[in-house]
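Here is the structure we will look at, set down as structure tokens.
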Amino acid sequence: MAAEIGHLSLWLALAAALCLSVFPLIGVHRNILALQWYARPLAWVQWLALTLSMVCLGYSFYINDFSVAYVANHSNSALPLAYRLSAIWGGHEGSLLLWGWMLGGWAAMVGVLSRSVPLHMVARVLSVMGMISVGFLLFMLLTSNPFDRVLPWFPLDGADLNPLLQDPGLIIHPPMLYMGYVGFSVAFAFAVAGLLAGNMDPAWARWARPWTTVAWSFLTVGIALGSWWAYYELGWGGWWFWDPVENASLLPWLAGTALIHSLAVTEKRNMFRAWTVLLAIIAFSLSLLGTFLVRSGVLTSVHAFANDPERGTFILAFLSVVAGGALTLFAFRSSALTNNKGFKPVSREAFLLGNNLILLTATFVVLVGTVAPLFFEAMDLKISIRSPYFNGFFVPLTLVLILLMVPGVFSNWKRQDGNGLLKRMALLAPAAIIAGWFAARLPEPSPWQGVLAIMLALFLVFAHVDDVVRRARAYGQGFFTGLGKLGRGYWGMVMAHCGLAVMVAGITLVSFHEVERDIRMAPGDQASIGEYAFVFDSLDSYVGPNFDSTRGHFHVTYQGEPEAIMHPEKRTYHASGQIMTEAAIDAGFWRDLYVAMGEPLEDGNAWAVRIYFKPGIRWIWLGALMMALGGALALSDKRYRRQRFATSEEGVSHES
Amino acid sequence: MKANSPWVFLPLVGFVLLAVLLGSGLGRDPQELPSALVGKPVPTFSLPSLMTDETLTQDSLKGRWQLLNVWATWCPTCYVEHPFLLELAARGVAIAGLNYKDDSAPARQYLAEQGNPFTHVIVDADGQLGLDLGVYGAPETFLINPDGEIVLRHAGDLNARVWQEKFAPLLEQGSQEGGA
């Protein structure tokens, strides 16, 4: 019964989305206020209907209703409850539902938090979001309905959730990622609404900016979670593989990063308007492209859970309508956005444009690398694009980006005295070079690329410390009073930029100083990496809720002192028979110790064991979290709180 | 950007090209590639063996039902697939390996660490045999009958489900005909 209600309410959501995409726009064109006014309630109806669908699907999982095909394919009566519920987004159909639900949620929130935006603009924005929603809901209802029944002969038990996904990290990874993907639809809708309106309100960047920052922060956390998950769950200790699916999430992130900086220029200086609009379209189109790549099966990947050419065709058509339509609109309307206000080559906007171009180049590089196999296939060439290509382009681009970030932070809007800028940088550079030289030698000597990366990371941090001090002093009321006066938006930027430095340092450390040993070990054997000694004590087995496990007991000593107890496992899942490696990780700020059981060797007692020493790997995710936190700080800035206050005066209060 | 500048069409043109490319990819789903080689003998080759000093030829793939698995150390999916290959080998399925566009030293180390499910491993360092077989990328698996003819090709990782659906029925049918 729940499944039928869920199915029905999906159709209801579709009806609401259709109305939302048509009537408010008619209202804008015919100047009928009542029709414009309907945008907000319709967005709410759509979201509530989708919420009901989510609840129904969740309930079907909860009661183990295996007559629902999706539940039967992704759950099992022995599956723990938390995983049964997170199985809602463990497969294709449910992921789409989650996506659609979030899109509806963003639209409803835009309705609530846009009291300061003129009604005709709200109507347009929500209409555009409604159109996107129509596409998604049709896709779901026509090709991938999560509520399809398998009657009359339904399975007595389910096929189980993919064991790779039975993991706490995976409970929150897809929602975070999707919040980011879908969140870019708001900036997209604002951009398209502006193009539809013909003349862009100078305030549009101010409206779109906080939404974009929220989406970007979620996406940052989502990508970091995905990387963390791959690190501990896939069992071979890597944290980024340039896999098509990972690239699919990186692409909108790169474009989104460019977008939030470009939005800043548009808001403060009313410049780069066409450019910002273009970036908003690109960021969301890349989010859709990501969905296409993951769901269509055009690219093979370890992450591709469901592949179906028919679905791929639909998403491609949808992508063409959304991205193609928006870009066509851009081509014909963007001339209205240009203003001939020039900018000085040495100014904050100039450096931000430079950074934007680098970020977009990086986006292009990743995009080409991701879809190139398709191109070569079409030419009947067999060329595989591997990490040397990506690293070869991406690493130098990142380093140049950092080099450009510093003058960008130091510079003023409009114009900047070039000599003063050079002087500030010339004072900091030697400090960064000397400190970087020593820091890079601390673990053991690094190759020059590593030394350079550490120097640049330190340069970035020093520059921000210097900038904080100068700005705090500039208030002339003492250093600490000045610190308190710096806005949260500014602190957000400092935090996010330092996050990048931390991440670069972590990547450098782990790339150049990790030690990986793959060895044969039997209980009683000992292996060492540097001062760490790993002792394989014993082997036992136990039965989990839905798997059997063979478990190794290791203890680790550092310079003879006890350091860690580790339990790597090899699990065989009952329902699917899949064998999973559960690595044991002793996490630390400076280093991770990583033990994974490979394969049992001939004599049955000895195992191929992987022992890794990973210095600085936590910094990669710490850096990402700092970036996301930077986004959150920027959102808590006074000017947005004032807006929220205005909102709550009208009787509604919401977290922004 | 000036009014009517042709540059504003650039993003649209770029997107159309991308969409055409993606559309062309849809027809050729890499998971389901009907190979032109199905029903034909394995192309002739003469390549070194990874684990021994002998030279392997197409005749090394005759005489019994076996799998030819294309793998490489640079392929993440191969790591995922590997435990299942070991399981198959343990069940008595003969698997020949084709180490595709790879370096031999890390490949040997990989087998030493991960376990070796292969009866023998063909070294295809420059990818010539892979090209003749029409390999799109690793991993791919071919089913080969005792006459050395390709019966089935599967692109992507081999797992329990694919095995049950595609390989097991053919293998069963083949062994019955062979027995009759």
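Labels for the structure tokens follow display order: chains A, B, ..., residues from 1 in each chain, ligands from 1.
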Write out as an mmCIF file with C-alpha atoms, in the first residue's frame the residues lying within 10 Å of Ala89 of chain B, counting only C-alpha atoms and excluding same-chain residues fewer than 4 positions away.
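Wrote selection_25.cif, looks like this:
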data_model
loop_
_atom_site.group_PDB
_atom_site.id
_atom_site.type_symbol
_atom_site.label_atom_id
_atom_site.label_comp_id
_atom_site.auth_asym_id
_atom_site.auth_seq_id
_atom_site.Cartn_x
_atom_site.Cartn_y
_atom_site.Cartn_z
ATOM 1 C CA PRO B 83 38.952 -11.971 -5.693
ATOM 2 C CA PHE B 84 36.262 -13.409 -7.949
ATOM 3 C CA LEU B 85 38.854 -14.707 -10.404
ATOM 4 C CA VAL B 93 37.851 -22.922 -13.963
ATOM 5 C CA ALA B 94 40.911 -22.506 -16.177
ATOM 6 C CA ILE B 95 41.754 -18.832 -16.644
ATOM 7 C CA ASN B 116 47.480 -15.823 -8.991
ATOM 8 C CA PRO B 117 44.304 -17.271 -10.518
ATOM 9 C CA PHE B 118 45.902 -17.756 -13.959
ATOM 10 C CA THR B 119 47.149 -20.953 -15.530
#
Which residues are close to segment 264-267 of chain A, i.e. within 8 Å by only C-alpha atoms, leaving aside same-chain residues fewer than 5 positions away? Reply as a compact mmCIF listing (two decimals) with C-alpha atoms, in the first residue's frame.
# COMPACT_ATOMS: atom_id res chain seq x y z
CA PRO A 202 22.18 44.34 -10.41
CA ALA A 203 21.08 42.65 -7.19
CA TRP A 204 20.76 39.18 -8.72
CA ALA A 205 24.29 38.21 -7.75
CA ARG A 206 23.54 39.15 -4.16
CA ARG A 209 25.39 34.09 -3.94
CA PHE A 272 31.68 40.00 -15.37
CA ARG A 273 27.91 39.58 -15.45
CA THR A 276 28.99 34.75 -14.05
CA GLU A 349 38.85 41.61 -10.11
CA LEU A 352 39.89 36.74 -9.71
Alpha helix (DSSP H) per DSSP on the backbone: members of segment 32-165 of chain B, as a ChimeraX atom specification: /B:76-90,104-114,128-133,160-162
With C-alpha atoms retained, write the just-selected residues as a PDB file, in the first residue's frame.
ATOM      1  CA  PRO B  76      41.379  -0.165 -10.477  1.00  0.00           C
ATOM      2  CA  THR B  77      38.455  -2.358 -11.498  1.00  0.00           C
ATOM      3  CA  CYS B  78      40.855  -5.284 -11.906  1.00  0.00           C
ATOM      4  CA  TYR B  79      41.550  -5.144  -8.175  1.00  0.00           C
ATOM      5  CA  VAL B  80      37.830  -5.345  -7.528  1.00  0.00           C
ATOM      6  CA  GLU B  81      37.457  -8.240  -9.914  1.00  0.00           C
ATOM      7  CA  HIS B  82      40.473 -10.169  -8.694  1.00  0.00           C
ATOM      8  CA  PRO B  83      38.952 -11.971  -5.693  1.00  0.00           C
ATOM      9  CA  PHE B  84      36.262 -13.409  -7.949  1.00  0.00           C
ATOM     10  CA  LEU B  85      38.854 -14.707 -10.404  1.00  0.00           C
ATOM     11  CA  LEU B  86      40.602 -16.429  -7.503  1.00  0.00           C
ATOM     12  CA  GLU B  87      37.311 -17.956  -6.482  1.00  0.00           C
ATOM     13  CA  LEU B  88      36.691 -19.233 -10.015  1.00  0.00           C
ATOM     14  CA  ALA B  89      40.199 -20.675 -10.191  1.00  0.00           C
ATOM     15  CA  ALA B  90      39.601 -22.403  -6.879  1.00  0.00           C
ATOM     16  CA  SER B 104      55.988  -7.005 -16.137  1.00  0.00           C
ATOM     17  CA  ALA B 105      57.718  -6.343 -12.808  1.00  0.00           C
ATOM     18  CA  PRO B 106      54.741  -4.726 -11.057  1.00  0.00           C
ATOM     19  CA  ALA B 107      52.471  -7.279 -12.741  1.00  0.00           C
ATOM     20  CA  ARG B 108      54.407 -10.156 -11.171  1.00  0.00           C
ATOM     21  CA  GLN B 109      54.378  -8.365  -7.846  1.00  0.00           C
ATOM     22  CA  TYR B 110      50.607  -7.849  -8.202  1.00  0.00           C
ATOM     23  CA  LEU B 111      50.058 -11.578  -8.686  1.00  0.00           C
ATOM     24  CA  ALA B 112      52.410 -12.401  -5.830  1.00  0.00           C
ATOM     25  CA  GLU B 113      50.453 -10.110  -3.527  1.00  0.00           C
ATOM     26  CA  GLN B 114      46.915 -10.608  -4.727  1.00  0.00           C
ATOM     27  CA  GLN B 128      48.975  -5.640 -30.093  1.00  0.00           C
ATOM     28  CA  LEU B 129      47.010  -8.753 -29.148  1.00  0.00           C
ATOM     29  CA  GLY B 130      44.558  -6.571 -27.237  1.00  0.00           C
ATOM     30  CA  LEU B 131      44.086  -4.549 -30.415  1.00  0.00           C
ATOM     31  CA  ASP B 132      43.515  -7.707 -32.462  1.00  0.00           C
ATOM     32  CA  LEU B 133      40.978  -8.873 -29.904  1.00  0.00           C
ATOM     33  CA  ALA B 160      29.055 -13.616  -9.533  1.00  0.00           C
ATOM     34  CA  ARG B 161      26.034 -12.162 -11.302  1.00  0.00           C
ATOM     35  CA  VAL B 162      27.685 -11.854 -14.717  1.00  0.00           C
TER      36      VAL B 162
END
When DSSP works through the backbone of this structure, what residues of segment 34-170 of chain B end up as strand (DSSP E), shown as a ChimeraX atom specification? /B:46-48,55-57,66-71,95-100,120-124,140-144,150-155
Identify which of the residues A:Ala123, A:Leu8, A:Asp586, A:Ser60 lies closest to Gln36 of chain A, counting only C-alpha atoms when measuring atom-to-atom distances.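 Distance minimum relative to Gln36 of chain A lands on A:Ala123.
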Between A:Ala39, A:Leu164, A:Leu374, A:Leu14, which residue has the minimum interatomic distance to chain B, considering only C-alpha atoms?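 Of all the options, A:Leu374 lies closest to chain B.
For the choices A:Gly552, A:Gly598, A:Gly237, A:Gly369, the atom-to-atom distance to chain B is smallest for A:Gly598 when using only C-alpha atoms.
The list of residues with at least one atom within 8 Å of Leu47 of chain B, based on only C-alpha atoms and without residues fewer than 6 positions apart in the same chain, reads B:Thr55, B:Leu56, B:Thr57, B:Ile122, B:Val123, B:Asp124.
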May I ask which of the residues A:Gly450, A:Pro407, A:Gly631, A:Gly392 is the closest one to Trp216 of chain A, counting only C-alpha atoms? A:Gly631
Spatial neighbours of segment 443-449 of chain A, 8 Å, only C-alpha atoms, chain gap at least 3 places, as a ChimeraX atom specification: /A:440,452-453,512-513
Limited to C-alpha atoms, could you put the picked residues into a file as a CSV table (one decimal), in the first residue's frame?
chain,number,residue,atom,x,y,z
A,440,ALA,CA,59.7,19.6,3.3
A,452,LEU,CA,57.8,23.6,-4.3
A,453,ALA,CA,54.3,22.5,-3.3
A,512,PHE,CA,56.0,11.6,-1.7
A,513,HIS,CA,56.4,9.9,1.7
